[in-house]
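Below is one structure, written out as structure tokens, with a few remarks after it.
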Amino acid sequence: MAEPADDRRPTGPRRPRKTPGLSPREVDRLIHERTRLGIVSALAVAPSLSFVELRKLLGTSDGNLSVHARKLEEAGYIACAKGFEGRVPRTDYRLTALGRRALERYLDHMEHLIRAVRKG
Amino acid sequence: MAETVDVRKDGAPPSLEGRAEENLRFIRETMEKAGTFTDVSGWGTAAVGGTALAAAWLASRAQTFQGWLGVWLAEALLASLLGFSAMAWKSRRAGSSLLSHPGRRFALSLAPPLAAGAVLTAALARAGIPGPIPGVWLILYGAGVTTAGAFSVRVVPAMGICFMALGAAALFTPPGWGNALLAAGFGGLHVVFGFWIARRYGG
């Protein structure tokens, strides 16, 4: 399942902040939660993953994955496509440009936080 | 709702730096695990199958063993280039590098059986015993794909097992069937599994 090309292109280069704050409030709490961070991270390197693949990858339950995927979907970080494989329902997820930027921001934040603590 | 925060064994909360490092480690590990879903290129595998079918046709017309061997060795080189180029393209498209941990792991798992196959081919050719060569190629390539695919989606090791079964059949059937079994394996299995992987796992 091909991901639209626009999601893979950097959409508006974002420069890392030079003086990141250390306050946890600045962290994107939406993807700070472990399951949601896992979903976003996995989809960052795969064009799309099915619900079952994500569940196995993250070692979580159907209900837990469903709840967290819904939150990411509502935020526009991931997109969901429902279909059938034969007679079996299949749900595929992919990361949106917004979700990719959110992950990049989160990575920047963590890296700057580590550097700032080590400098201090 | 649980966040990415853990508590050390001594009960003290982890440092801010430790938590950030742990989060980055988790992201990297998840990406590596997820990368196995996409590293093997289905279209590349199917293309390798196509070239193998052409090679089988050419090899069947060879008049000598050396000619037959030359065709298949050229095909092995072409298939390696095609396969790894397709994997690299797919990795780049997914925003990761083929040299990432899953890609390296796949290549390192595949390499030893292929090297063993090269040595055995040279030994068998030198001893003038060409009969087992197709079986050796199929069974060792299958072993490589099965072990490399242990870290990937199930269809990859399944393809490896099919190659091993075909290789075992080739070793116990008349030597005259060897070229046809190579066509069925390197051609047929690659095309079928390649399309399957392309359709299910993002290209």
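Residue numbering restarts at 1 in every chain; chains get A, B, ... in the order shown in the structure tokens, and ligands count up from 1 in that same order.
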For this session: Find the residues near stretch 57-66 of chain A: any atom within 12 Å, counting only C-alpha atoms, skip ones fewer than 5 places away on the same chain, and give them as a ChimeraX atom specification.
Result: /A:33-43,49-52,71-73,80,91,93 /B:1-2,26-27,29-37,151-153
Problem set entry | Spatial neighbours of B:Ala168, 9 Å, only C-alpha atoms, chain gap at least 6 places, as an MDAnalysis selection string | chainID B and resid 135:136 138:139
For this session: Between atom CA of B:Ala122 and atom CA of B:Phe65, measure the distance and give it in Å to one decimal.
Result: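 So the two atoms, atom CA of B:Ala122 and atom CA of B:Phe65, lie 12.8 Å apart.
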Got a sec: who's within 10 Å of A:Val27, counting only C-alpha atoms, leaving out chain neighbours fewer than 6 positions off, as a PDB file with C-alpha atoms, in the first residue's frame?
```
ATOM      1  CA  GLY A  21      13.164  24.292  27.658  1.00  0.00           C
ATOM      2  CA  ARG A 105       9.871  17.752  17.141  1.00  0.00           C
ATOM      3  CA  TYR A 106       9.726  15.143  19.873  1.00  0.00           C
ATOM      4  CA  LEU A 107      13.106  13.702  18.844  1.00  0.00           C
ATOM      5  CA  HIS A 109      13.212  17.873  22.198  1.00  0.00           C
ATOM      6  CA  MET A 110      14.653  14.679  23.691  1.00  0.00           C
TER       7      MET A 110
END
```
Problem set entry | Nearest to chain B, chosen from A:Glu111, A:Glu74, A:Asp92, A:Glu104, with only C-alpha atoms counted in the distances |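 Of the candidates, the smallest distance to chain B is held by A:Glu111.
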Problem set entry | Counting only C-alpha atoms, the residue of B:Val191, B:Leu124, B:Ala46, B:Ala198 that sits nearest chain A |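 Checking each candidate against chain A, we get B:Ala198 as the closest.
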For this session: Write out as a ChimeraX atom specification each polymer residue whose atoms come within 10 Å of B:Cys162, counting only C-alpha atoms; drop sequence neighbours fewer than 5 positions from it.
Result: /B:138-139,142-143,146,157,167-168,185,189
Exercise. Which is closer to chain A than all the others in B:Trp177, B:Val48, B:Arg126, B:Arg154, using only C-alpha atoms?
Worked result: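 Distance minimum relative to chain A lands on B:Arg154.
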B:Trp43: which residues within 12 Å, counting only C-alpha atoms, same-chain residues fewer than 6 positions away excluded, as an mmCIF file with C-alpha atoms, in the first residue's frame?
```cif
data_model
loop_
_atom_site.group_PDB
_atom_site.id
_atom_site.type_symbol
_atom_site.label_atom_id
_atom_site.label_comp_id
_atom_site.auth_asym_id
_atom_site.auth_seq_id
_atom_site.Cartn_x
_atom_site.Cartn_y
_atom_site.Cartn_z
ATOM 1 C CA GLY B 49 12.269 -13.936 -10.481
ATOM 2 C CA GLY B 50 11.802 -12.526 -13.967
ATOM 3 C CA LEU B 82 18.696 -5.955 -8.409
ATOM 4 C CA GLY B 83 17.667 -7.297 -5.012
ATOM 5 C CA PHE B 84 19.858 -4.995 -2.947
ATOM 6 C CA SER B 85 19.110 -1.941 -5.111
ATOM 7 C CA ALA B 86 15.403 -2.580 -4.654
ATOM 8 C CA MET B 87 15.851 -3.001 -0.892
ATOM 9 C CA TRP B 89 15.199 2.061 -2.722
ATOM 10 C CA LYS B 90 12.469 0.735 -0.473
ATOM 11 C CA HIS B 190 10.539 -15.209 -6.417
ATOM 12 C CA VAL B 191 7.762 -13.973 -8.698
ATOM 13 C CA VAL B 192 4.941 -15.395 -6.555
ATOM 14 C CA PHE B 193 6.359 -14.317 -3.178
ATOM 15 C CA GLY B 194 7.572 -11.020 -4.647
ATOM 16 C CA PHE B 195 4.092 -10.016 -5.733
ATOM 17 C CA TRP B 196 2.730 -11.168 -2.388
ATOM 18 C CA ILE B 197 5.244 -9.064 -0.443
ATOM 19 C CA ALA B 198 4.737 -6.051 -2.740
ATOM 20 C CA ARG B 199 0.983 -6.219 -2.312
ATOM 21 C CA ARG B 200 0.986 -6.716 1.439
ATOM 22 C CA TYR B 201 4.086 -4.915 2.687
ATOM 23 C CA GLY B 202 4.350 -1.632 0.901
ATOM 24 C CA GLY B 203 6.138 -2.400 -2.359
#
```
